[in-house]
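Inspection log for the structure reproduced underneath, given as structure tokens.
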Number of protein chains: 2
Amino acid sequence: MRHLHLTLSAASLLLASSIACAAGTTIPDTAVKTAEQIRNKAMHDDTAYRIAASLTTEVGPRMAGSEADQRARDWALAKFKALGFDKVYTEPVTYPLWVRRSEHGVIVAPFPQPLVLTALGYSAGTPQGGLTAQVVKFDTLDELKAAAPAGIEGKIVYVGYRMERAKDSHGYRMGSAVRTAGAVIAQSKGAAGYLLRSAGTDAHQRIAHTGVTGFRDPAKAIPAAALSNPDADQLERVLAYGKPVTLKLDLDCGVVGEYTGANVIGEIAGRKHPDQVVAIGGHLDSWDPGTGAIDDAAGVAIAMAAGKLIGDLPQRPDRTIRVIAFANEEMGLWGGRAYAEKHAGEVAKFQLGVESDLGAGPIWRMSASVKPEARDAIAQIAAVLEPLGVAYDAKRPGGGGSDLSQMHGKGMAALSLNQDGTKYFDWHHTANDTLDKIDPKELAQNVAVYAAFSYMAAQADGDFGSAPGAFADDGERKRGEAADGKVRSDQPQVDAGLKGVQTSAAK
Amino acid sequence: MRHLHLTLSAASLLLASSIACAAGTTIPDTAVKTAEQIRNKAMHDDTAYRIAASLTTEVGPRMAGSEADQRARDWALAKFKALGFDKVYTEPVTYPLWVRRSEHGVIVAPFPQPLVLTALGYSAGTPQGGLTAQVVKFDTLDELKAAAPAGIEGKIVYVGYRMERAKDSHGYRMGSAVRTAGAVIAQSKGAAGYLLRSAGTDAHQRIAHTGVTGFRDPAKAIPAAALSNPDADQLERVLAYGKPVTLKLDLDCGVVGEYTGANVIGEIAGRKHPDQVVAIGGHLDSWDPGTGAIDDAAGVAIAMAAGKLIGDLPQRPDRTIRVIAFANEEMGLWGGRAYAEKHAGEVAKFQLGVESDLGAGPIWRMSASVKPEARDAIAQIAAVLEPLGVAYDAKRPGGGGSDLSQMHGKGMAALSLNQDGTKYFDWHHTANDTLDKIDPKELAQNVAVYAAFSYMAAQADGDFGSAPGAFADDGERKRGEAADGKVRSDQPQVDAGLKGVQTSAAK
């Protein structure tokens with residue numbers, strides 16, 4: 001019963017619901033009806049869009065630890081209160097402070113010209129006057145792994161891998177591995193610097209995609225940057241002349257200390273079981289080149305708006321709806337990991353959880369990691385979501401999303417709510433991550449899903465199986481495969497690779 | 001007879017050709033056949049694409065007067081020679097040297113955040129420490145024209161006009177006027193700075209479109225820049241809060257002296273009338289953010305490849321094919337104006353001329369400014385081009401293209417060969433003007449058109465009416481309307497507005 005191997009139609013879902021055994025978790029009919037009403041209302045509600053517009057306009061870019069980090073937290077506290085949340089508070093998150101001051105790159109020889117690039121998270125800065133070195137090119141991460149250090153030492157390694165576009169975002173698994181693991185491998189073989197073709201699907205935009213590397217020890221970091229796709233094409237054309245190609249990188253960036261930010265949390269308090277929580281959220285930080293609209297004002301807005309819709313009901317739900325705006329997801333799930341460390345002991349109190357962090361495209365698939373006795377309740381949720389275009393895949397585990405994957409790792413029952421990622425990686429981690437990339441109707445569909453499922457989970461008769469150490473197997477497998485199938489789940493570079501693909505890895 | 005008011009089918013074209021009166025200009029049958037062969041060969045020839053790749057890869061950005069200007073001229077001289085041109089030479093062009101060192105902009109209040117912008121040609125630099133001032137917004141150029149100076153003095157004027165996308169590029173007429181005339185009007189009313197929503201059709205790309213202003217006297221220039229479209233959206237959202245909005249512009253740019261570059265010219269020498277020339281070309285300079293692929297490596301490549309195809313024939317054409325790679329088109333047709341000044345006295349020797357400067361989209365329409373007695377020869381040319389998808393519009397005058405409009409202004413008979421501009425202004429004057437925006441097949445279609453018409457014009461029995469002062473009326477009207485219907489043709493800002501739309505203004 002753990003993994004249903006049949007396609008569930010709406011009819012069979014109802015049947016499954018009605019014949020659920022007494023010991024199983026179920027959602028009361030009244031809760032299902034209310035969830036349907038919330039769902040329908042959400043589809044015509046623009047609260048989430050207004051929240052996303054507010055955050056991206058009033059705060060704009062908000063890189064973890066930057067001056068805007070504090071303004072973003074102030075914004076979140078004020079917004080939760082304005083939306084009528086019962087309890088609003090923060091929990092501190094401490095992490096290394098990486099800063100970006102400036103970044104330039106040029107081809108020095110044979111054809112002098114500037115390159116559009118962006119430094120990667122935890123990249124080292126270049127020496128005063130820049131780093132000038134010859135380029136050595138690899139087409140794939142495997143080629144780099146197989147290469148002898150002799151051809152790499154003192155050079156700038158460039159990996160030209162082209163990330164694949166996909167609705168289920170599976171292309172990011174390798175795309176992000178080239179960035180995270182590639183930089184570490186290049187450093188380990190003596191490279192002076194590391195460059196990749198941006199992990200992005202916008203083949204024709206002269207905009208580079210930033211993102212974190214696997215560097216954690218500043219002493220072992222080297223200068224690392226991503227070229228825009230057209231610049232990668234240009235570099236490859238120059239290399240094709242067969243002459244030595246020299247680049248100069250001038251990156252003023254690096255780790256400058258430690259910073260303590262915070263997860264910002266708002267709660268719609270449970271009426272019957274206030275200590276039992278449905279956990280949803282997004283991350284508050286963003287990369288600096290854009291205004292963090294799809295990554296992840298959208299996720300914060302979806303969760304906040306879902307909480308508000310439930311808060312607007314005549315009475316509070318049975319359990320608490322906890323909306324978490326996580327700190328510093330981008331440089332290694334720092335907010336999610338701090339949260340999981342702090343709350344691991346209460347994992348059994350977490351009814352169900354999932355985070356939104358793949359933009360604002362419509363949710364098209366749901367899967368769940370829950371105890372077998374809660375599968376019928378999941379089927380009831382699926383039946384309410386089906387009219388929104390959400391297919392229930394009973395064979396796949398749930399992952400909880402980026403930061404909440406960490407709480408799932410501690411044993412929290414979790415969903416995956418997969419958003420359509422077809423266009424997401426055109427804009428992800430770039431200057432192009434701006435409000436105009438959010439379709440208000442698609443965003444509203446996300447809110448409808450989050451509000452309906454959260455309410456049903458809060459009203460369920462019974463739990464979904466959260467317990468210390470639960471779901472360890474599927475969680476471990478997912479996290480282990482997310483980056484490149486080899487790195488371990490306790491390494492931050494996995495986290496960076498995990499985002500958006502955590503549920504694809506179980507294929 | 002001057003303007004045919006009927007639609008000409010292929011059949012009627014043949015008829016027109018066969019009944020042409022003895023006094024009229026005609027193309028011999030053998031020349032028509034050879035032109036058809038050249039046309040067909042060109043469609044399968046990648047010479048132009050290889051030329052465009054060579055210029056954009058080996059030289060890259062080549063702003064007039066920059067270090068790369070000399071490298072671009074060296075490239076052009078070498079390329080003409082390698083392609084087998086008979087005579088290769090330069091003619092000096094002197095112009096003010098404007099340089100761009102750096103450009104930054106931020107919203108200071110109420111919501112601090114960076115803006116993506118680019119300084120405009122002939123913009124003044126900001127004072128040390130930047131220019132901080134309040135913004136005053138206008139939706140259109142007319143609103144700015146109508147505004148009282150009292151509301152503008154000491155402020156940064158922002159015009160939010162959105163340029164319209166169109167196959168015939170007519171949207172650029174107003175788009176460029178907002179940039180060229182708008183900056184001058186703002187300065188004349190006491191503005192401290194000028195900002196516009198980029199004159200571009202890419203609504204969602206965080207890339208700003210540069211281009212020239214109407215400033216010519218550095219003493220009367222103010223800092224002027226273009227915001228990317230998403231940044232313009234953002235600024236307008238911030239303004240909509242109704243609070244005073246303060247920006248800081250930090251532009252390190254300005255006119256620093258004078259520079260002498262050169263038009264680079266290659267000729268396939270005429271066998272019978274070497275002093276009579278068919279003039280085609282593009283411009284060698286580019287703006288600095290991109291690699292100048294569509295603007296205008298494409299035009300240079302089309303003309304060079306057309307010349308080479310004719311040069312590859314068993315014998316030289318009757319008249320000379322002169323390919324001109326113009327200097328500094330971008331900051332006010334400096335190459336074209338210098339050329340016209342130098343060669344005005346020989347205008348009657350210019351058989352026919354037209355420049356390619358609207359990218360690499362397919363040519364879809366031809367029109368001509370020729371003497372009435374040459375209309376039949378134009379119809380013969382049109383019949384050869386028709387299978388390429390080129391429609392002959394006998395009602396519209398020809399304009400000669402950007403730089404060669406100046407020679408047309410002196411009395412040169414001229415064509416317009418309108419390229420499909422639907423996508424051109426997504427990339428025009430931006431970092432996104434890179435080789436990947438050129439479709440090799442579409443580029444080849446352009447070469448087929450240029451090679452076929454040039455050869456037929458070179459072989460014609462008779463001329464097309466070039467004479468001092470000829471076509472003054474339609475030329476004047478076109479140029480006068482190109483920018484905003486008011487500025488005069490002898491003002492450089494007209495030139496800037498002229499490009500790409502010179503034949504649309506006669507509507």
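Chain labels follow the order of the structure tokens: the first chain is A, the next B, and so on; residue numbering restarts at 1 in every chain, and ligands are counted from 1 in their shown order.
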task = Could you list the residues in chain A lying within 9 Å of chain B, using only C-alpha atoms, and format the result as a PyMOL selection string?
result = chain A and resi 53+56-61+68+110-114+116+203-207+230-231+233-235+237-238+289-291+431-437
Close residues, Ala183 in chain A itself excluded, 9 Å, only C-alpha atoms, min 2 positions apart in chain, as a compact mmCIF listing (two decimals) with C-alpha atoms, in the first residue's frame:
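Listed below is the output, around_6.txt:
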# COMPACT_ATOMS: atom_id res chain seq x y z
CA SER A 123 33.83 32.19 -5.11
CA VAL A 157 38.88 25.51 -16.32
CA VAL A 178 28.46 21.45 -13.03
CA ARG A 179 28.36 24.63 -10.95
CA THR A 180 28.64 23.17 -7.44
CA ALA A 181 30.77 20.09 -7.88
CA ILE A 185 36.82 19.40 -8.74
CA ALA A 186 38.63 22.10 -10.71
CA GLN A 187 40.12 23.48 -7.50
CA SER A 188 41.17 20.03 -6.36
CA GLY A 193 39.94 29.67 -11.79
CA TYR A 194 36.66 28.09 -12.84
CA LEU A 195 34.13 29.11 -15.48
CA LEU A 196 31.00 27.42 -16.67
CA THR A 213 29.46 26.60 -5.64
CA GLY A 214 30.46 23.66 -3.47
CA PHE A 215 33.21 25.73 -1.83
CA ALA A 221 38.03 28.41 -2.87
CA ILE A 222 39.19 29.71 -6.24
CA PRO A 223 37.66 32.44 -8.41
CA ALA A 224 34.56 30.94 -10.05
query = Hey, what's within 7 Å of range 282-287 of chain A if we count only C-alpha atoms and toss same-chain stuff fewer than 3 positions away? As a list in words, please?
reply = Pro61, Arg62, Met63, Ala64, Gly290, Gly292, Asp295, Asp296, Ala297, Gly299, Val300, Ala303, Ile324, Ala325, Phe326, Ala327, Asn328, Glu329, Glu330, Glu355, Ser356, Asp357 and His429 of chain A
request  = as a PyMOL selection string, list the residues of range 258-446 of chain B assigned to strand (DSSP E or B) by DSSP on the backbone atoms of this structure.
outcome  = chain B and resi 258-268+273-283+319-326+350-355+363-369+391-392+414-419
Tell me which protein, DNA and RNA residues are within 8 Å of Ser198 in chain A, counting only C-alpha atoms, leaving out same-chain ones fewer than 5 positions away, and put them as a tab-separated table (two decimals) with N, CA and C atoms, in the first residue's frame.
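Okay, this is what ended up in selection_20.tsv:
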chain	number	residue	atom	x	y	z
A	162	ARG	N	25.59	22.29	-21.63
A	162	ARG	CA	24.35	23.03	-21.86
A	162	ARG	C	23.21	22.38	-21.08
A	208	ALA	N	24.07	36.30	-17.25
A	208	ALA	CA	24.68	35.13	-16.62
A	208	ALA	C	23.86	34.70	-15.41
A	209	HIS	N	23.90	33.40	-15.14
A	209	HIS	CA	23.17	32.81	-14.01
A	209	HIS	C	24.14	32.58	-12.85
A	210	THR	N	23.91	33.26	-11.75
A	210	THR	CA	24.73	33.00	-10.60
A	210	THR	C	24.19	31.77	-9.86
A	226	ALA	N	30.15	32.27	-13.86
A	226	ALA	CA	29.35	31.70	-14.96
A	226	ALA	C	29.29	32.71	-16.10
A	227	LEU	N	29.47	32.21	-17.32
A	227	LEU	CA	29.31	33.02	-18.52
A	227	LEU	C	27.86	32.94	-18.99
A	228	SER	N	27.35	34.01	-19.55
A	228	SER	CA	26.04	33.92	-20.21
A	228	SER	C	26.15	32.92	-21.36
A	229	ASN	N	25.03	32.39	-21.78
A	229	ASN	CA	25.08	31.43	-22.88
A	229	ASN	C	25.71	32.00	-24.16
ask   = If we count only C-alpha atoms, what is near Lys41 in chain B at a cut-off of 9 Å, once residues fewer than 5 positions away on the same chain are taken out, given as a list of chain:residue names?
value =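 That gives B:Glu36, B:Leu309, B:Ala448.
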message = Taking only C-alpha atoms into account, name the residue in B:Ala232, B:Leu247, B:Ala124, B:Ile321 that is nearest to Val106 in chain B.
response = B:Leu247
request  = Tell me, in Å to one decimal, how far CA of Ala279 in chain B is from CA of Leu404 in chain B.
outcome  = 8.3 Å
task = Tell me which protein, DNA and RNA residues are within 7 Å of Ala199 in chain B, counting only C-alpha atoms, leaving out same-chain ones fewer than 2 positions away, and put them as JSON, numbers by chain.
result = {"B": [163, 175, 176, 197, 209]}
